[in-house]
Amino acid sequence: FFFLMIRRPPRSTQSRSSAASDVYKRQTFNIPNMKFIMARKMLSQAHVVCATCEGLGSPYLKGSKFTRVLVDGASQITEVSMIASIVRDCQQLVLIGDHRQPGPKVKSVFAESKGLRISLFERLVKQGLKVHLLETQYRMHPSLSYFPMQTFYQNQVKDGVNPDNRPQLGGFKWPNPDIRVAFVNVKGPESNYAASIQNLKETEVIVVILMQILKSQSLRSYNLGILTPYEAQKRRIKYEIFHQATKYPNLFGLTIDEIQKMTKNTQVVDIETTDVNQMLEKELVFVSTVRSNTKGQLGLVKDLRQMNVMLTKARRGLIVVGDGDTLRNDVIWREWLDWIRSNNAEINYNRS
């Protein structure tokens, strides 16, 4: 939703393509590979080069200069990775991202403690650099965008979606047909697994509803997405859906050959954890909040950035599965549940 623009004072420099071409002519290659040489020549003549930040360190681009750099997903890139994109004579830098959603994922606890998880985008925002906000969202049905736009973006973002272009999904009885959000209140205890947390009851509920929707043929499996904060829950849901796909391959659009090639690691439906924020938008998104305990412990679930991801990836429908009593221990989740109840969008799941 945001982008930053940074300019360096102009100076007389050789154009990027001619400079890269000169470097190419002077370069002595140690790799006698014609394909490599031809690729180098093509890149030296290109006006626009698309690459990952790390990819800019490739031998194919050695010596190339880029005076203007545009970085997408900049709020999810570590500053160390960003350096590769801005040290090649960059004079104008545009960073596109959303610092109100999860930042870079850093495995090292020590590195995170030293601030490596703060992206250059977020650091510049905190230092007061002017942010240009993209003020219209074109993804979500207005009932889906209402709460997150109010809570995370202070009503600065307006809807550019015609509700008629986001028709209601079949195969699921929405408690309020006018609201494309449903909260399924589930009482099922969480459990520790492989240094993470899972909830078998929530897994069951999601699989049951997902199969109902697929049987109704209102959506194909590639239009569905599942989000959860915990890796153990992601693996559990993936495992259960894998078994459903082997039983009912036609519902998942799979052929016999594809089924035979599948392994337990095959992901039939797009399932992601909320900390990496890699899922593309989906017509329907399930969210498993996982946490269900008497102590009111929420862990990752109370991370506002991850909550933002949970509530903003769906285009036509969002089904959140969780324990309402546990979620109410966080003030923002409590506000969301109050909003859900005020719109009669809650379902109590009592299946034994």
# chains A, B, ... in the order shown; residues from 1 in each chain; ligands from 1

call {"tool": "residues_around", "arguments": {"residues": "region 68-74 of chain A", "least_positions_apart": "2", "cutoff": "10 Å", "atoms": "only C-alpha atoms", "output": "CSV table (one decimal) with N, CA and C atoms, in the first residue's frame"}}
result
chain,number,residue,atom,x,y,z
A,2,PHE,N,2.1,1.2,0.3
A,2,PHE,CA,3.0,2.3,0.4
A,2,PHE,C,4.2,2.3,-0.5
A,3,PHE,N,4.7,3.4,-0.9
A,3,PHE,CA,6.0,3.4,-1.6
A,3,PHE,C,6.8,4.6,-1.2
A,4,LEU,N,8.1,4.5,-1.2
A,4,LEU,CA,9.0,5.6,-0.8
A,4,LEU,C,9.8,5.9,-2.1
A,5,MET,N,10.1,7.2,-2.3
A,5,MET,CA,11.0,7.6,-3.4
A,5,MET,C,12.2,8.3,-2.8
A,6,ILE,N,13.4,7.9,-3.2
A,6,ILE,CA,14.6,8.5,-2.7
A,6,ILE,C,15.4,8.9,-3.9
A,7,ARG,N,15.8,10.2,-3.9
A,7,ARG,CA,16.7,10.7,-5.0
A,7,ARG,C,18.1,11.1,-4.6
A,8,ARG,N,19.0,10.8,-5.4
A,8,ARG,CA,20.4,11.3,-5.2
A,8,ARG,C,20.6,12.5,-6.1
A,16,ARG,N,23.8,4.0,-18.1
A,16,ARG,CA,24.0,2.6,-17.6
A,16,ARG,C,24.3,1.6,-18.7
A,48,VAL,N,15.9,-2.2,-19.3
A,48,VAL,CA,15.3,-2.6,-18.0
A,48,VAL,C,15.8,-4.0,-17.7
A,49,VAL,N,16.3,-4.2,-16.4
A,49,VAL,CA,16.7,-5.6,-16.0
A,49,VAL,C,15.8,-5.9,-14.8
A,50,CYS,N,15.2,-7.1,-14.7
A,50,CYS,CA,14.4,-7.5,-13.6
A,50,CYS,C,15.2,-8.6,-12.9
A,51,ALA,N,15.3,-8.5,-11.6
A,51,ALA,CA,16.1,-9.5,-10.8
A,51,ALA,C,15.8,-9.4,-9.4
A,52,THR,N,16.1,-10.4,-8.6
A,52,THR,CA,16.0,-10.3,-7.2
A,52,THR,C,17.2,-9.5,-6.7
A,53,CYS,N,17.1,-9.1,-5.4
A,53,CYS,CA,18.2,-8.3,-4.9
A,53,CYS,C,19.5,-9.1,-4.9
A,65,LYS,N,25.7,-1.0,-14.1
A,65,LYS,CA,25.3,0.1,-13.2
A,65,LYS,C,23.8,0.3,-13.5
A,66,PHE,N,23.1,0.7,-12.4
A,66,PHE,CA,21.7,0.9,-12.5
A,66,PHE,C,21.4,2.2,-11.7
A,76,GLN,N,9.8,-6.5,3.1
A,76,GLN,CA,10.1,-7.9,3.5
A,76,GLN,C,11.6,-8.3,3.2
A,77,ILE,N,12.4,-7.3,2.8
A,77,ILE,CA,13.8,-7.5,2.4
A,77,ILE,C,14.7,-7.0,3.5
A,78,THR,N,15.7,-7.8,4.0
A,78,THR,CA,16.6,-7.3,5.0
A,78,THR,C,17.5,-6.2,4.3
A,79,GLU,N,18.0,-5.3,5.2
A,79,GLU,CA,18.9,-4.3,4.7
A,79,GLU,C,20.1,-4.8,4.0
A,82,MET,N,19.2,-5.7,0.6
A,82,MET,CA,18.9,-4.5,-0.2
A,82,MET,C,20.2,-3.8,-0.7
A,85,SER,N,21.2,-3.9,-4.4
A,85,SER,CA,20.4,-3.2,-5.4
A,85,SER,C,20.7,-1.7,-5.4
A,86,ILE,N,21.4,-1.2,-4.5
A,86,ILE,CA,21.6,0.2,-4.4
A,86,ILE,C,23.1,0.7,-4.5
A,88,ARG,N,25.1,0.1,-7.1
A,88,ARG,CA,25.5,0.1,-8.5
A,88,ARG,C,25.2,1.5,-9.1
A,89,ASP,N,25.7,2.5,-8.5
A,89,ASP,CA,25.5,3.9,-9.0
A,89,ASP,C,24.0,4.4,-8.9
A,90,CYS,N,23.3,3.9,-8.0
A,90,CYS,CA,21.9,4.2,-7.8
A,90,CYS,C,21.7,5.7,-7.5
A,91,GLN,N,20.9,6.4,-8.3
A,91,GLN,CA,20.6,7.8,-8.0
A,91,GLN,C,19.2,8.1,-7.7
A,92,GLN,N,18.3,7.2,-8.0
A,92,GLN,CA,16.9,7.3,-7.6
A,92,GLN,C,16.4,5.9,-7.3
A,93,LEU,N,15.8,5.8,-6.0
A,93,LEU,CA,15.4,4.5,-5.5
A,93,LEU,C,13.9,4.6,-5.1
A,94,VAL,N,13.1,3.7,-5.6
A,94,VAL,CA,11.7,3.6,-5.2
A,94,VAL,C,11.5,2.3,-4.5
A,95,LEU,N,11.0,2.4,-3.3
A,95,LEU,CA,10.7,1.2,-2.5
A,95,LEU,C,9.2,1.0,-2.3
A,96,ILE,N,8.7,-0.2,-2.7
A,96,ILE,CA,7.3,-0.5,-2.6
A,96,ILE,C,7.1,-1.5,-1.6
A,97,GLY,N,6.2,-1.3,-0.6
A,97,GLY,CA,6.0,-2.3,0.4
A,97,GLY,C,4.9,-1.9,1.4
A,98,ASP,N,4.8,-2.6,2.4
A,98,ASP,CA,3.8,-2.3,3.5
A,98,ASP,C,4.4,-2.7,4.8
A,99,HIS,N,4.9,-1.7,5.6
A,99,HIS,CA,5.5,-2.0,6.9
A,99,HIS,C,4.5,-2.3,7.9
A,103,GLY,N,7.6,-8.2,8.4
A,103,GLY,CA,8.9,-7.8,7.7
A,103,GLY,C,9.7,-9.0,7.3
A,104,PRO,N,11.0,-8.8,7.1
A,104,PRO,CA,11.9,-9.9,6.7
A,104,PRO,C,11.9,-11.0,7.7
A,119,SER,N,13.5,-3.8,8.0
A,119,SER,CA,13.8,-3.5,6.6
A,119,SER,C,14.3,-2.1,6.5
A,120,LEU,N,15.0,-1.8,5.4
A,120,LEU,CA,15.3,-0.4,5.1
A,120,LEU,C,14.1,0.4,4.9
A,121,PHE,N,13.0,-0.1,4.3
A,121,PHE,CA,11.7,0.5,4.1
A,121,PHE,C,11.2,1.0,5.5
A,122,GLU,N,11.1,0.1,6.5
A,122,GLU,CA,10.6,0.5,7.8
A,122,GLU,C,11.5,1.5,8.5

call {"tool": "residues_around", "arguments": {"residues": "Val301 (chain A)", "least_positions_apart": "4", "cutoff": "7 Å", "atoms": "only C-alpha atoms", "output": "number ranges by chain"}}
result
A: 229, 289, 307

call {"tool": "atom_distance", "arguments": {"atom1": "CA of Glu346 (chain A)", "atom2": "CA of Asn185 (chain A)"}}
result
7.1 Å

call {"tool": "residues_around", "arguments": {"residues": "Glu283 (chain A)", "least_positions_apart": "4", "cutoff": "8 Å", "atoms": "only C-alpha atoms", "output": "PDB file with all heavy atoms, in the first residue's frame"}}
result
ATOM      1  N   ASN A 223      -8.053 -21.760  -6.142  1.00  0.00           N
ATOM      2  CA  ASN A 223      -8.609 -20.476  -5.719  1.00  0.00           C
ATOM      3  C   ASN A 223      -8.769 -20.385  -4.199  1.00  0.00           C
ATOM      4  O   ASN A 223      -9.288 -19.390  -3.691  1.00  0.00           O
ATOM      5  CB  ASN A 223      -9.968 -20.242  -6.373  1.00  0.00           C
ATOM      6  CG  ASN A 223      -9.852 -19.867  -7.834  1.00  0.00           C
ATOM      7  OD1 ASN A 223      -8.938 -19.145  -8.213  1.00  0.00           O
ATOM      8  ND2 ASN A 223     -10.743 -20.369  -8.666  1.00  0.00           N
ATOM      9  N   LEU A 224      -8.343 -21.432  -3.491  1.00  0.00           N
ATOM     10  CA  LEU A 224      -8.451 -21.467  -2.034  1.00  0.00           C
ATOM     11  C   LEU A 224      -7.079 -21.279  -1.406  1.00  0.00           C
ATOM     12  O   LEU A 224      -6.070 -21.739  -1.933  1.00  0.00           O
ATOM     13  CB  LEU A 224      -9.017 -22.816  -1.576  1.00  0.00           C
ATOM     14  CG  LEU A 224     -10.401 -23.220  -2.088  1.00  0.00           C
ATOM     15  CD1 LEU A 224     -10.674 -24.678  -1.752  1.00  0.00           C
ATOM     16  CD2 LEU A 224     -11.466 -22.334  -1.475  1.00  0.00           C
ATOM     17  N   ALA A 314      -8.058 -12.308   1.182  1.00  0.00           N
ATOM     18  CA  ALA A 314      -9.228 -12.872   0.491  1.00  0.00           C
ATOM     19  C   ALA A 314      -9.908 -11.836  -0.406  1.00  0.00           C
ATOM     20  O   ALA A 314      -9.989 -10.656  -0.061  1.00  0.00           O
ATOM     21  CB  ALA A 314     -10.223 -13.405   1.510  1.00  0.00           C
ATOM     22  N   ARG A 315     -10.425 -12.300  -1.528  1.00  0.00           N
ATOM     23  CA  ARG A 315     -11.175 -11.453  -2.442  1.00  0.00           C
ATOM     24  C   ARG A 315     -12.683 -11.546  -2.217  1.00  0.00           C
ATOM     25  O   ARG A 315     -13.389 -10.539  -2.232  1.00  0.00           O
ATOM     26  CB  ARG A 315     -10.873 -11.850  -3.893  1.00  0.00           C
ATOM     27  CG  ARG A 315      -9.499 -11.440  -4.379  1.00  0.00           C
ATOM     28  CD  ARG A 315      -9.091 -12.197  -5.641  1.00  0.00           C
ATOM     29  NE  ARG A 315     -10.121 -12.158  -6.674  1.00  0.00           N
ATOM     30  CZ  ARG A 315     -10.242 -11.202  -7.594  1.00  0.00           C
ATOM     31  NH1 ARG A 315      -9.385 -10.190  -7.597  1.00  0.00           N
ATOM     32  NH2 ARG A 315     -11.200 -11.251  -8.499  1.00  0.00           N
ATOM     33  N   ARG A 316     -13.195 -12.769  -1.982  1.00  0.00           N
ATOM     34  CA  ARG A 316     -14.650 -12.961  -1.907  1.00  0.00           C
ATOM     35  C   ARG A 316     -15.134 -13.568  -0.594  1.00  0.00           C
ATOM     36  O   ARG A 316     -16.329 -13.475  -0.293  1.00  0.00           O
ATOM     37  CB  ARG A 316     -15.095 -13.851  -3.070  1.00  0.00           C
ATOM     38  CG  ARG A 316     -14.910 -13.217  -4.431  1.00  0.00           C
ATOM     39  CD  ARG A 316     -15.090 -14.240  -5.554  1.00  0.00           C
ATOM     40  NE  ARG A 316     -16.387 -14.878  -5.543  1.00  0.00           N
ATOM     41  CZ  ARG A 316     -16.699 -15.934  -6.288  1.00  0.00           C
ATOM     42  NH1 ARG A 316     -15.783 -16.470  -7.088  1.00  0.00           N
ATOM     43  NH2 ARG A 316     -17.900 -16.463  -6.218  1.00  0.00           N
ATOM     44  N   GLY A 317     -14.250 -14.206   0.160  1.00  0.00           N
ATOM     45  CA  GLY A 317     -14.701 -14.825   1.396  1.00  0.00           C
ATOM     46  C   GLY A 317     -13.558 -15.125   2.347  1.00  0.00           C
ATOM     47  O   GLY A 317     -12.464 -15.500   1.926  1.00  0.00           O
TER      48      GLY A 317
END

call {"tool": "closest_residue", "arguments": {"among": "A:Gly170, A:Gly188, A:Pro177, A:Gly299", "to": "Asn344 (chain A)", "atoms": "only C-alpha atoms"}}
result
A:Pro177

call {"tool": "residues_around", "arguments": {"residues": "Val161 (chain A)", "least_positions_apart": "2", "cutoff": "12 Å", "atoms": "only C-alpha atoms", "output": "PDB file with N, CA, C and O atoms, in the first residue's frame"}}
result
ATOM      1  N   THR A 136      -6.410   3.338  -2.641  1.00  0.00           N
ATOM      2  CA  THR A 136      -7.560   2.532  -3.060  1.00  0.00           C
ATOM      3  C   THR A 136      -7.171   1.058  -3.138  1.00  0.00           C
ATOM      4  O   THR A 136      -6.142   0.719  -3.711  1.00  0.00           O
ATOM      5  N   GLN A 137      -7.999   0.205  -2.533  1.00  0.00           N
ATOM      6  CA  GLN A 137      -7.750  -1.230  -2.623  1.00  0.00           C
ATOM      7  C   GLN A 137      -8.714  -1.845  -3.632  1.00  0.00           C
ATOM      8  O   GLN A 137      -9.902  -1.523  -3.650  1.00  0.00           O
ATOM      9  N   TYR A 138      -8.172  -2.728  -4.470  1.00  0.00           N
ATOM     10  CA  TYR A 138      -8.958  -3.343  -5.539  1.00  0.00           C
ATOM     11  C   TYR A 138      -9.076  -4.851  -5.363  1.00  0.00           C
ATOM     12  O   TYR A 138      -9.379  -5.565  -6.320  1.00  0.00           O
ATOM     13  N   ARG A 139      -8.825  -5.367  -4.172  1.00  0.00           N
ATOM     14  CA  ARG A 139      -8.850  -6.809  -3.946  1.00  0.00           C
ATOM     15  C   ARG A 139     -10.137  -7.279  -3.285  1.00  0.00           C
ATOM     16  O   ARG A 139     -10.847  -8.131  -3.793  1.00  0.00           O
ATOM     17  N   MET A 140     -10.426  -6.737  -2.118  1.00  0.00           N
ATOM     18  CA  MET A 140     -11.437  -7.314  -1.227  1.00  0.00           C
ATOM     19  C   MET A 140     -12.845  -6.764  -1.451  1.00  0.00           C
ATOM     20  O   MET A 140     -13.029  -5.590  -1.766  1.00  0.00           O
ATOM     21  N   HIS A 141     -13.823  -7.643  -1.245  1.00  0.00           N
ATOM     22  CA  HIS A 141     -15.210  -7.199  -1.117  1.00  0.00           C
ATOM     23  C   HIS A 141     -15.254  -6.177   0.024  1.00  0.00           C
ATOM     24  O   HIS A 141     -14.550  -6.325   1.035  1.00  0.00           O
ATOM     25  N   PRO A 142     -16.038  -5.112  -0.093  1.00  0.00           N
ATOM     26  CA  PRO A 142     -16.053  -4.072   0.937  1.00  0.00           C
ATOM     27  C   PRO A 142     -16.280  -4.585   2.358  1.00  0.00           C
ATOM     28  O   PRO A 142     -15.731  -4.014   3.319  1.00  0.00           O
ATOM     29  N   SER A 143     -17.059  -5.652   2.538  1.00  0.00           N
ATOM     30  CA  SER A 143     -17.266  -6.172   3.890  1.00  0.00           C
ATOM     31  C   SER A 143     -16.009  -6.840   4.434  1.00  0.00           C
ATOM     32  O   SER A 143     -15.808  -6.914   5.645  1.00  0.00           O
ATOM     33  N   LEU A 144     -15.130  -7.304   3.543  1.00  0.00           N
ATOM     34  CA  LEU A 144     -13.860  -7.889   3.963  1.00  0.00           C
ATOM     35  C   LEU A 144     -12.859  -6.808   4.350  1.00  0.00           C
ATOM     36  O   LEU A 144     -12.044  -6.996   5.250  1.00  0.00           O
ATOM     37  N   SER A 145     -12.908  -5.692   3.664  1.00  0.00           N
ATOM     38  CA  SER A 145     -11.916  -4.632   3.900  1.00  0.00           C
ATOM     39  C   SER A 145     -12.278  -3.730   5.074  1.00  0.00           C
ATOM     40  O   SER A 145     -11.409  -3.031   5.598  1.00  0.00           O
ATOM     41  N   LYS A 158      -9.557   3.520   0.697  1.00  0.00           N
ATOM     42  CA  LYS A 158     -10.954   3.373   0.306  1.00  0.00           C
ATOM     43  C   LYS A 158     -11.112   2.169  -0.625  1.00  0.00           C
ATOM     44  O   LYS A 158     -10.137   1.633  -1.174  1.00  0.00           O
ATOM     45  N   ASP A 159     -12.351   1.757  -0.805  1.00  0.00           N
ATOM     46  CA  ASP A 159     -12.649   0.603  -1.646  1.00  0.00           C
ATOM     47  C   ASP A 159     -12.797   1.021  -3.103  1.00  0.00           C
ATOM     48  O   ASP A 159     -13.472   1.995  -3.411  1.00  0.00           O
ATOM     49  N   PRO A 163     -19.139  -4.388  -5.248  1.00  0.00           N
ATOM     50  CA  PRO A 163     -19.570  -5.642  -4.604  1.00  0.00           C
ATOM     51  C   PRO A 163     -20.143  -6.661  -5.573  1.00  0.00           C
ATOM     52  O   PRO A 163     -20.012  -7.869  -5.352  1.00  0.00           O
ATOM     53  N   ASP A 164     -20.752  -6.198  -6.664  1.00  0.00           N
ATOM     54  CA  ASP A 164     -21.318  -7.117  -7.647  1.00  0.00           C
ATOM     55  C   ASP A 164     -20.251  -7.954  -8.344  1.00  0.00           C
ATOM     56  O   ASP A 164     -20.547  -9.015  -8.900  1.00  0.00           O
ATOM     57  N   ASN A 165     -19.010  -7.464  -8.325  1.00  0.00           N
ATOM     58  CA  ASN A 165     -17.911  -8.204  -8.944  1.00  0.00           C
ATOM     59  C   ASN A 165     -17.283  -9.221  -8.002  1.00  0.00           C
ATOM     60  O   ASN A 165     -16.310  -9.890  -8.368  1.00  0.00           O
ATOM     61  N   ARG A 166     -17.804  -9.311  -6.786  1.00  0.00           N
ATOM     62  CA  ARG A 166     -17.337 -10.300  -5.809  1.00  0.00           C
ATOM     63  C   ARG A 166     -18.553 -11.085  -5.306  1.00  0.00           C
ATOM     64  O   ARG A 166     -18.983 -10.936  -4.167  1.00  0.00           O
ATOM     65  N   PRO A 167     -19.165 -11.926  -6.177  1.00  0.00           N
ATOM     66  CA  PRO A 167     -20.379 -12.654  -5.784  1.00  0.00           C
ATOM     67  C   PRO A 167     -20.118 -13.615  -4.637  1.00  0.00           C
ATOM     68  O   PRO A 167     -18.998 -14.088  -4.429  1.00  0.00           O
ATOM     69  N   ARG A 315     -10.425 -12.300  -1.528  1.00  0.00           N
ATOM     70  CA  ARG A 315     -11.175 -11.453  -2.442  1.00  0.00           C
ATOM     71  C   ARG A 315     -12.683 -11.546  -2.217  1.00  0.00           C
ATOM     72  O   ARG A 315     -13.389 -10.539  -2.232  1.00  0.00           O
ATOM     73  N   ARG A 316     -13.195 -12.769  -1.982  1.00  0.00           N
ATOM     74  CA  ARG A 316     -14.650 -12.961  -1.907  1.00  0.00           C
ATOM     75  C   ARG A 316     -15.134 -13.568  -0.594  1.00  0.00           C
ATOM     76  O   ARG A 316     -16.329 -13.475  -0.293  1.00  0.00           O
TER      77      ARG A 316
END

call {"tool": "residues_around", "arguments": {"residues": "Asn250 (chain A)", "least_positions_apart": "5", "cutoff": "12 Å", "atoms": "only C-alpha atoms", "output": "VMD selection string"}}
result
chain A and resid 211 214 to 215 217 220 to 221 244 to 245 255 to 256 258 to 259

call {"tool": "residues_around", "arguments": {"residues": "region 335-343 of chain A", "least_positions_apart": "2", "cutoff": "12 Å", "atoms": "only C-alpha atoms", "output": "ChimeraX atom specification"}}
result
/A:143-144,146-148,150-152,174-185,307-308,311,318-333,345-348

call {"tool": "atom_distance", "arguments": {"atom1": "CA of Gln267 (chain A)", "atom2": "CA of Lys302 (chain A)"}}
result
26.9 Å

call {"tool": "select_by_dssp", "arguments": {"residues": "region 88-275 of chain A", "states": "helix (DSSP H, G or I)", "output": "VMD selection string"}}
result
chain A and resid 109 to 113 120 to 126 142 to 152 163 to 165 200 to 216 221 to 223 231 to 247 249 to 252 256 to 261

call {"tool": "residues_around", "arguments": {"residues": "Lys238 (chain A)", "least_positions_apart": "6", "cutoff": "10 Å", "atoms": "only C-alpha atoms", "output": "CSV table (one decimal) with C-alpha atoms, in the first residue's frame"}}
result
chain,number,residue,atom,x,y,z
A,203,THR,CA,-7.7,-28.8,11.2
A,207,VAL,CA,-11.0,-29.8,6.0
A,226,ILE,CA,-5.1,-21.4,4.1
A,232,ALA,CA,3.1,-27.4,12.9
A,244,GLN,CA,-8.5,-36.1,0.9
A,264,LYS,CA,3.3,-36.4,1.6
A,265,ASN,CA,5.2,-33.2,1.0
A,266,THR,CA,3.0,-32.3,-2.0
A,267,GLN,CA,0.9,-29.1,-1.3
A,268,VAL,CA,-2.4,-29.6,-3.0
A,269,VAL,CA,-3.9,-26.3,-1.7
A,270,ASP,CA,-1.9,-23.2,-1.0
A,271,ILE,CA,-1.1,-23.2,2.7
A,272,GLU,CA,1.3,-20.6,4.3

call {"tool": "atom_distance", "arguments": {"atom1": "CA of Arg305 (chain A)", "atom2": "CA of Pro102 (chain A)"}}
result
5.2 Å

call {"tool": "decode", "arguments": {"residues": "region 286-294 of chain A", "atoms": "all heavy atoms", "output": "PDB file, in the first residue's frame"}}
result
ATOM      1  N   PHE A 286      -9.038 -19.465   4.328  1.00  0.00           N
ATOM      2  CA  PHE A 286      -9.279 -19.985   5.666  1.00  0.00           C
ATOM      3  C   PHE A 286      -8.139 -19.512   6.572  1.00  0.00           C
ATOM      4  O   PHE A 286      -6.981 -19.481   6.153  1.00  0.00           O
ATOM      5  CB  PHE A 286      -9.277 -21.522   5.671  1.00  0.00           C
ATOM      6  CG  PHE A 286     -10.431 -22.159   4.961  1.00  0.00           C
ATOM      7  CD1 PHE A 286     -10.357 -22.447   3.611  1.00  0.00           C
ATOM      8  CD2 PHE A 286     -11.589 -22.490   5.657  1.00  0.00           C
ATOM      9  CE1 PHE A 286     -11.414 -23.053   2.953  1.00  0.00           C
ATOM     10  CE2 PHE A 286     -12.660 -23.096   5.003  1.00  0.00           C
ATOM     11  CZ  PHE A 286     -12.560 -23.374   3.653  1.00  0.00           C
ATOM     12  N   VAL A 287      -8.482 -19.201   7.809  1.00  0.00           N
ATOM     13  CA  VAL A 287      -7.468 -18.859   8.809  1.00  0.00           C
ATOM     14  C   VAL A 287      -7.641 -19.776  10.005  1.00  0.00           C
ATOM     15  O   VAL A 287      -8.751 -19.907  10.534  1.00  0.00           O
ATOM     16  CB  VAL A 287      -7.575 -17.386   9.253  1.00  0.00           C
ATOM     17  CG1 VAL A 287      -6.653 -17.114  10.443  1.00  0.00           C
ATOM     18  CG2 VAL A 287      -7.228 -16.447   8.105  1.00  0.00           C
ATOM     19  N   SER A 288      -6.564 -20.419  10.417  1.00  0.00           N
ATOM     20  CA  SER A 288      -6.571 -21.220  11.642  1.00  0.00           C
ATOM     21  C   SER A 288      -5.711 -20.495  12.671  1.00  0.00           C
ATOM     22  O   SER A 288      -4.494 -20.384  12.508  1.00  0.00           O
ATOM     23  CB  SER A 288      -6.001 -22.618  11.369  1.00  0.00           C
ATOM     24  OG  SER A 288      -5.878 -23.352  12.578  1.00  0.00           O
ATOM     25  N   THR A 289      -6.341 -19.987  13.732  1.00  0.00           N
ATOM     26  CA  THR A 289      -5.591 -19.220  14.728  1.00  0.00           C
ATOM     27  C   THR A 289      -4.864 -20.119  15.737  1.00  0.00           C
ATOM     28  O   THR A 289      -3.976 -19.662  16.451  1.00  0.00           O
ATOM     29  CB  THR A 289      -6.518 -18.255  15.487  1.00  0.00           C
ATOM     30  OG1 THR A 289      -7.560 -18.999  16.140  1.00  0.00           O
ATOM     31  CG2 THR A 289      -7.136 -17.250  14.532  1.00  0.00           C
ATOM     32  N   VAL A 290      -5.271 -21.379  15.845  1.00  0.00           N
ATOM     33  CA  VAL A 290      -4.566 -22.442  16.585  1.00  0.00           C
ATOM     34  C   VAL A 290      -4.703 -22.350  18.107  1.00  0.00           C
ATOM     35  O   VAL A 290      -5.063 -23.330  18.774  1.00  0.00           O
ATOM     36  CB  VAL A 290      -3.061 -22.508  16.213  1.00  0.00           C
ATOM     37  CG1 VAL A 290      -2.364 -23.631  16.970  1.00  0.00           C
ATOM     38  CG2 VAL A 290      -2.880 -22.679  14.708  1.00  0.00           C
ATOM     39  N   ARG A 291      -4.420 -21.174  18.677  1.00  0.00           N
ATOM     40  CA  ARG A 291      -4.308 -21.101  20.128  1.00  0.00           C
ATOM     41  C   ARG A 291      -5.656 -21.308  20.822  1.00  0.00           C
ATOM     42  O   ARG A 291      -6.657 -20.664  20.490  1.00  0.00           O
ATOM     43  CB  ARG A 291      -3.716 -19.754  20.577  1.00  0.00           C
ATOM     44  CG  ARG A 291      -2.364 -19.431  19.984  1.00  0.00           C
ATOM     45  CD  ARG A 291      -1.340 -20.548  20.132  1.00  0.00           C
ATOM     46  NE  ARG A 291      -1.034 -20.883  21.506  1.00  0.00           N
ATOM     47  CZ  ARG A 291       0.003 -20.388  22.191  1.00  0.00           C
ATOM     48  NH1 ARG A 291       0.829 -19.521  21.611  1.00  0.00           N
ATOM     49  NH2 ARG A 291       0.225 -20.778  23.436  1.00  0.00           N
ATOM     50  N   SER A 292      -5.665 -22.236  21.799  1.00  0.00           N
ATOM     51  CA  SER A 292      -6.859 -22.543  22.589  1.00  0.00           C
ATOM     52  C   SER A 292      -6.395 -23.075  23.931  1.00  0.00           C
ATOM     53  O   SER A 292      -5.998 -24.226  24.058  1.00  0.00           O
ATOM     54  CB  SER A 292      -7.723 -23.576  21.852  1.00  0.00           C
ATOM     55  OG  SER A 292      -8.880 -23.895  22.613  1.00  0.00           O
ATOM     56  N   ASN A 293      -6.415 -22.199  24.950  1.00  0.00           N
ATOM     57  CA  ASN A 293      -5.926 -22.578  26.267  1.00  0.00           C
ATOM     58  C   ASN A 293      -6.600 -21.739  27.345  1.00  0.00           C
ATOM     59  O   ASN A 293      -7.170 -20.675  27.065  1.00  0.00           O
ATOM     60  CB  ASN A 293      -4.399 -22.415  26.343  1.00  0.00           C
ATOM     61  CG  ASN A 293      -3.951 -21.011  25.957  1.00  0.00           C
ATOM     62  OD1 ASN A 293      -4.077 -20.075  26.727  1.00  0.00           O
ATOM     63  ND2 ASN A 293      -3.419 -20.865  24.742  1.00  0.00           N
ATOM     64  N   THR A 294      -6.538 -22.219  28.563  1.00  0.00           N
ATOM     65  CA  THR A 294      -7.207 -21.536  29.681  1.00  0.00           C
ATOM     66  C   THR A 294      -6.403 -20.354  30.207  1.00  0.00           C
ATOM     67  O   THR A 294      -6.935 -19.526  30.947  1.00  0.00           O
ATOM     68  CB  THR A 294      -7.441 -22.533  30.834  1.00  0.00           C
ATOM     69  OG1 THR A 294      -6.187 -23.120  31.222  1.00  0.00           O
ATOM     70  CG2 THR A 294      -8.392 -23.641  30.390  1.00  0.00           C
TER      71      THR A 294
END
